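Visitor: Could you have a look at this structure, given as structure tokens, before my questions?
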Amino acid sequence: MPNSQDDADLIQRIAVALMQRRERLGTAESCTGGLIAAACTSVAGSSDWFERGVVTYSNQAKTELLGVREDLIALHGAVSAEVAEHMARGLLARAPVDWALSVTGIAGPGGGSAEKPVGTVWLALVHEDGPAQVWREQFSGDRQAVRAQTVTVGLMALCNALDAGR
């Protein structure tokens, strides 16, 4: 289910834009555990524009399912721009999708560090015809709040990219 009415409105806008463009979306999620895919598929008719969601919570899953290189994870950490981008690109290469949205982060309450505190999330959005948009967010609140904010920000970025005609 969408986290809020705002998420539901974003999903509706995304659905209309993707169907008009005859394009499909896929998600590669770690810290959200499939919440973005769940929000998208809570809408009747989402099979017309939502192709699949992959939950790659472990590093092994990121490597096996999305082709993220082990050395990349070792060098930068699972919560990094490099891994977020490779997750999205890996999904784009392996699935019949036009858009790939990925998220990897530290939802808490543990697992944070001085360099990557709880609430650190990297997101990547890639369209088959363009460069990746990769960015870092620093969310506050408990685990549920961090995950909910990640869903909203990811959906908003996709909506904005679609509105911009990317």
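Within each chain, counting starts at residue 1; across the structure tokens, chains are named A, B, ... in the order shown, with ligands numbered 1 upward in that order.
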Within 6 Å of range 66-73 of chain A, counting only C-alpha atoms, which residues qualify if same-chain residues fewer than 6 places away don't, as JSON, numbers by chain?

Guide: {"A": [86, 87, 90, 91]}

Visitor: Please save C-alpha atoms of the selected residues as a PDB file, in the first residue's frame.

Guide:
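Generated file (selection-v2.pdb):
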```pdb
ATOM      1  CA  HIS A  86      24.856  -0.828 -10.574  1.00  0.00           C
ATOM      2  CA  MET A  87      21.677  -2.203  -9.012  1.00  0.00           C
ATOM      3  CA  GLY A  90      21.721  -4.509 -13.557  1.00  0.00           C
ATOM      4  CA  LEU A  91      17.941  -4.612 -13.440  1.00  0.00           C
TER       5      LEU A  91
END
```

Visitor: Which residues in chain A does DSSP call strand (DSSP E or B)? List them as a VMD selection string.

Guide: chain A and resid 25 to 29 50 to 55 99 to 105 120 to 127 133 to 138

Visitor: List the spatial neighbours of range 148-151 of chain A as a list in words - criterion: any atom at most 8 Å away, only C-alpha atoms, same-chain residues fewer than 6 positions off excluded.

Guide: Asn3, Thr32, Leu35, Ile36, Val103, Val121 and Phe139 of chain A

Visitor: Atoms to include: N, CA and C atoms. Write the selected residues as a short mmCIF file (atom, residue, chain, number, x, y, z; two decimals), in the first residue's frame.

Guide:
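The new file again04.cif reads:
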```cif
data_model
loop_
_atom_site.label_atom_id
_atom_site.label_comp_id
_atom_site.auth_asym_id
_atom_site.auth_seq_id
_atom_site.Cartn_x
_atom_site.Cartn_y
_atom_site.Cartn_z
N ASN A 3 2.28 4.72 1.23
CA ASN A 3 2.45 5.21 2.59
C ASN A 3 1.53 6.36 2.92
N THR A 32 14.33 -0.92 1.57
CA THR A 32 12.86 -0.82 1.58
C THR A 32 12.18 -2.18 1.49
N LEU A 35 8.97 -2.28 -0.64
CA LEU A 35 7.86 -1.35 -0.38
C LEU A 35 7.50 -0.48 -1.59
N ILE A 36 8.49 -0.15 -2.41
CA ILE A 36 8.18 0.64 -3.61
C ILE A 36 7.36 -0.21 -4.58
N VAL A 103 17.22 1.32 -4.66
CA VAL A 103 17.48 1.95 -3.36
C VAL A 103 18.33 1.01 -2.52
N VAL A 121 20.61 6.84 2.65
CA VAL A 121 20.03 6.06 1.56
C VAL A 121 20.56 6.61 0.24
N PHE A 139 17.80 10.64 5.80
CA PHE A 139 16.48 10.71 6.41
C PHE A 139 16.60 10.62 7.93
#
```

Visitor: Using only C-alpha atoms, which of the listed residues (A:Asp142, A:Asp48, A:Asp163, A:Glu82) sits closest to Gly110 in chain A?

Guide: A:Asp142

Visitor: Hey, what's within 6 Å of range 25-28 of chain A if we count only C-alpha atoms and toss same-chain stuff fewer than 4 positions away? As a PyMOL selection string, please?

Guide: chain A and resi 50-55+97+99-102

Visitor: Any chance you can output those residues with C-alpha atoms as a PDB file, in the first residue's frame?

Guide:
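Result file is selection02.pdb:
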```pdb
ATOM      1  CA  PHE A  50       4.911  -2.231 -13.604  1.00  0.00           C
ATOM      2  CA  GLU A  51       7.048  -5.182 -14.691  1.00  0.00           C
ATOM      3  CA  ARG A  52       8.800  -6.428 -11.577  1.00  0.00           C
ATOM      4  CA  GLY A  53      10.425  -5.666  -8.275  1.00  0.00           C
ATOM      5  CA  VAL A  54      13.508  -7.422  -6.993  1.00  0.00           C
ATOM      6  CA  VAL A  55      14.438  -7.374  -3.309  1.00  0.00           C
ATOM      7  CA  VAL A  97      11.876  -2.537 -18.395  1.00  0.00           C
ATOM      8  CA  TRP A  99      12.960   2.464 -16.187  1.00  0.00           C
ATOM      9  CA  ALA A 100      14.820   1.028 -13.201  1.00  0.00           C
ATOM     10  CA  LEU A 101      14.661   2.545  -9.727  1.00  0.00           C
ATOM     11  CA  SER A 102      17.010   1.224  -7.048  1.00  0.00           C
TER      12      SER A 102
END
```

Visitor: Kindly give the distance, in Å, that separates CA of Gly45 in chain A and CA of Asp98 in chain A, rounded to a single decimal.

Guide: 17.9 Å

Visitor: Would you give me, as a short mmCIF file (atom, residue, chain, number, x, y, z; two decimals) with C-alpha atoms, in the first residue's frame, the residues in chain A that DSSP reads as helix (DSSP H, G or I)?

Guide:
```
data_model
loop_
_atom_site.label_atom_id
_atom_site.label_comp_id
_atom_site.auth_asym_id
_atom_site.auth_seq_id
_atom_site.Cartn_x
_atom_site.Cartn_y
_atom_site.Cartn_z
CA GLN A 5 -2.21 9.99 -0.12
CA ASP A 6 0.77 11.83 -1.60
CA ASP A 7 2.34 8.48 -2.59
CA ALA A 8 -0.99 7.35 -4.08
CA ASP A 9 -1.15 10.55 -6.13
CA LEU A 10 2.44 10.07 -7.32
CA ILE A 11 1.71 6.49 -8.33
CA GLN A 12 -1.33 7.58 -10.30
CA ARG A 13 0.73 10.19 -12.15
CA ILE A 14 3.47 7.62 -12.81
CA ALA A 15 0.92 5.11 -14.09
CA VAL A 16 -0.60 7.58 -16.54
CA ALA A 17 2.79 8.75 -17.82
CA LEU A 18 4.20 5.25 -18.27
CA MET A 19 1.07 3.98 -20.04
CA GLN A 20 1.05 7.00 -22.37
CA ARG A 21 4.68 6.32 -23.21
CA LEU A 35 7.86 -1.35 -0.38
CA ILE A 36 8.18 0.64 -3.61
CA ALA A 37 7.00 -2.34 -5.65
CA ALA A 38 4.20 -2.95 -3.16
CA ALA A 39 3.08 0.67 -3.43
CA CYS A 40 3.10 0.51 -7.22
CA THR A 41 1.20 -2.75 -7.39
CA SER A 46 -0.49 -1.75 -12.48
CA SER A 47 0.47 -4.79 -14.54
CA ASP A 48 0.12 -2.49 -17.57
CA ASN A 59 25.14 -8.49 -0.87
CA GLN A 60 24.95 -11.96 -2.40
CA ALA A 61 21.52 -11.17 -3.84
CA LYS A 62 22.82 -7.92 -5.31
CA THR A 63 25.60 -9.88 -7.00
CA GLU A 64 23.57 -12.91 -8.15
CA LEU A 65 20.39 -11.17 -9.28
CA LEU A 66 21.64 -7.79 -10.46
CA GLU A 70 31.63 -8.19 -5.26
CA ASP A 71 34.73 -6.00 -5.51
CA LEU A 72 32.53 -2.94 -5.99
CA ILE A 73 30.64 -3.75 -2.79
CA ALA A 74 33.92 -4.43 -0.96
CA LEU A 75 35.43 -1.15 -2.13
CA HIS A 76 32.47 1.21 -1.64
CA ALA A 81 26.35 5.60 -5.12
CA GLU A 82 28.25 2.96 -7.07
CA VAL A 83 26.17 0.06 -5.79
CA ALA A 84 22.87 1.95 -6.21
CA GLU A 85 23.72 2.72 -9.83
CA HIS A 86 24.86 -0.83 -10.57
CA MET A 87 21.68 -2.20 -9.01
CA ALA A 88 19.54 -0.07 -11.35
CA ARG A 89 21.69 -0.81 -14.40
CA GLY A 90 21.72 -4.51 -13.56
CA LEU A 91 17.94 -4.61 -13.44
CA LEU A 92 17.68 -2.63 -16.68
CA ALA A 93 19.99 -5.15 -18.36
CA ARG A 94 18.14 -8.21 -17.03
CA ARG A 143 13.18 2.43 10.70
CA GLN A 144 9.60 2.77 9.44
CA ALA A 145 10.05 6.51 8.85
CA VAL A 146 13.30 6.05 6.92
CA ARG A 147 11.72 3.40 4.71
CA ALA A 148 8.56 5.46 4.13
CA GLN A 149 10.58 8.55 3.20
CA THR A 150 12.66 6.48 0.80
CA VAL A 151 9.54 5.24 -0.98
CA THR A 152 8.15 8.77 -1.34
CA VAL A 153 11.42 10.29 -2.56
CA GLY A 154 11.96 7.47 -5.08
CA LEU A 155 8.44 7.81 -6.46
CA MET A 156 8.78 11.60 -6.61
CA ALA A 157 12.05 11.36 -8.55
CA LEU A 158 10.48 8.99 -11.07
CA CYS A 159 7.44 11.22 -11.42
CA ASN A 160 9.64 14.29 -11.96
CA ALA A 161 11.74 12.48 -14.57
CA LEU A 162 8.60 11.40 -16.42
CA ASP A 163 7.17 14.94 -16.24
#
```
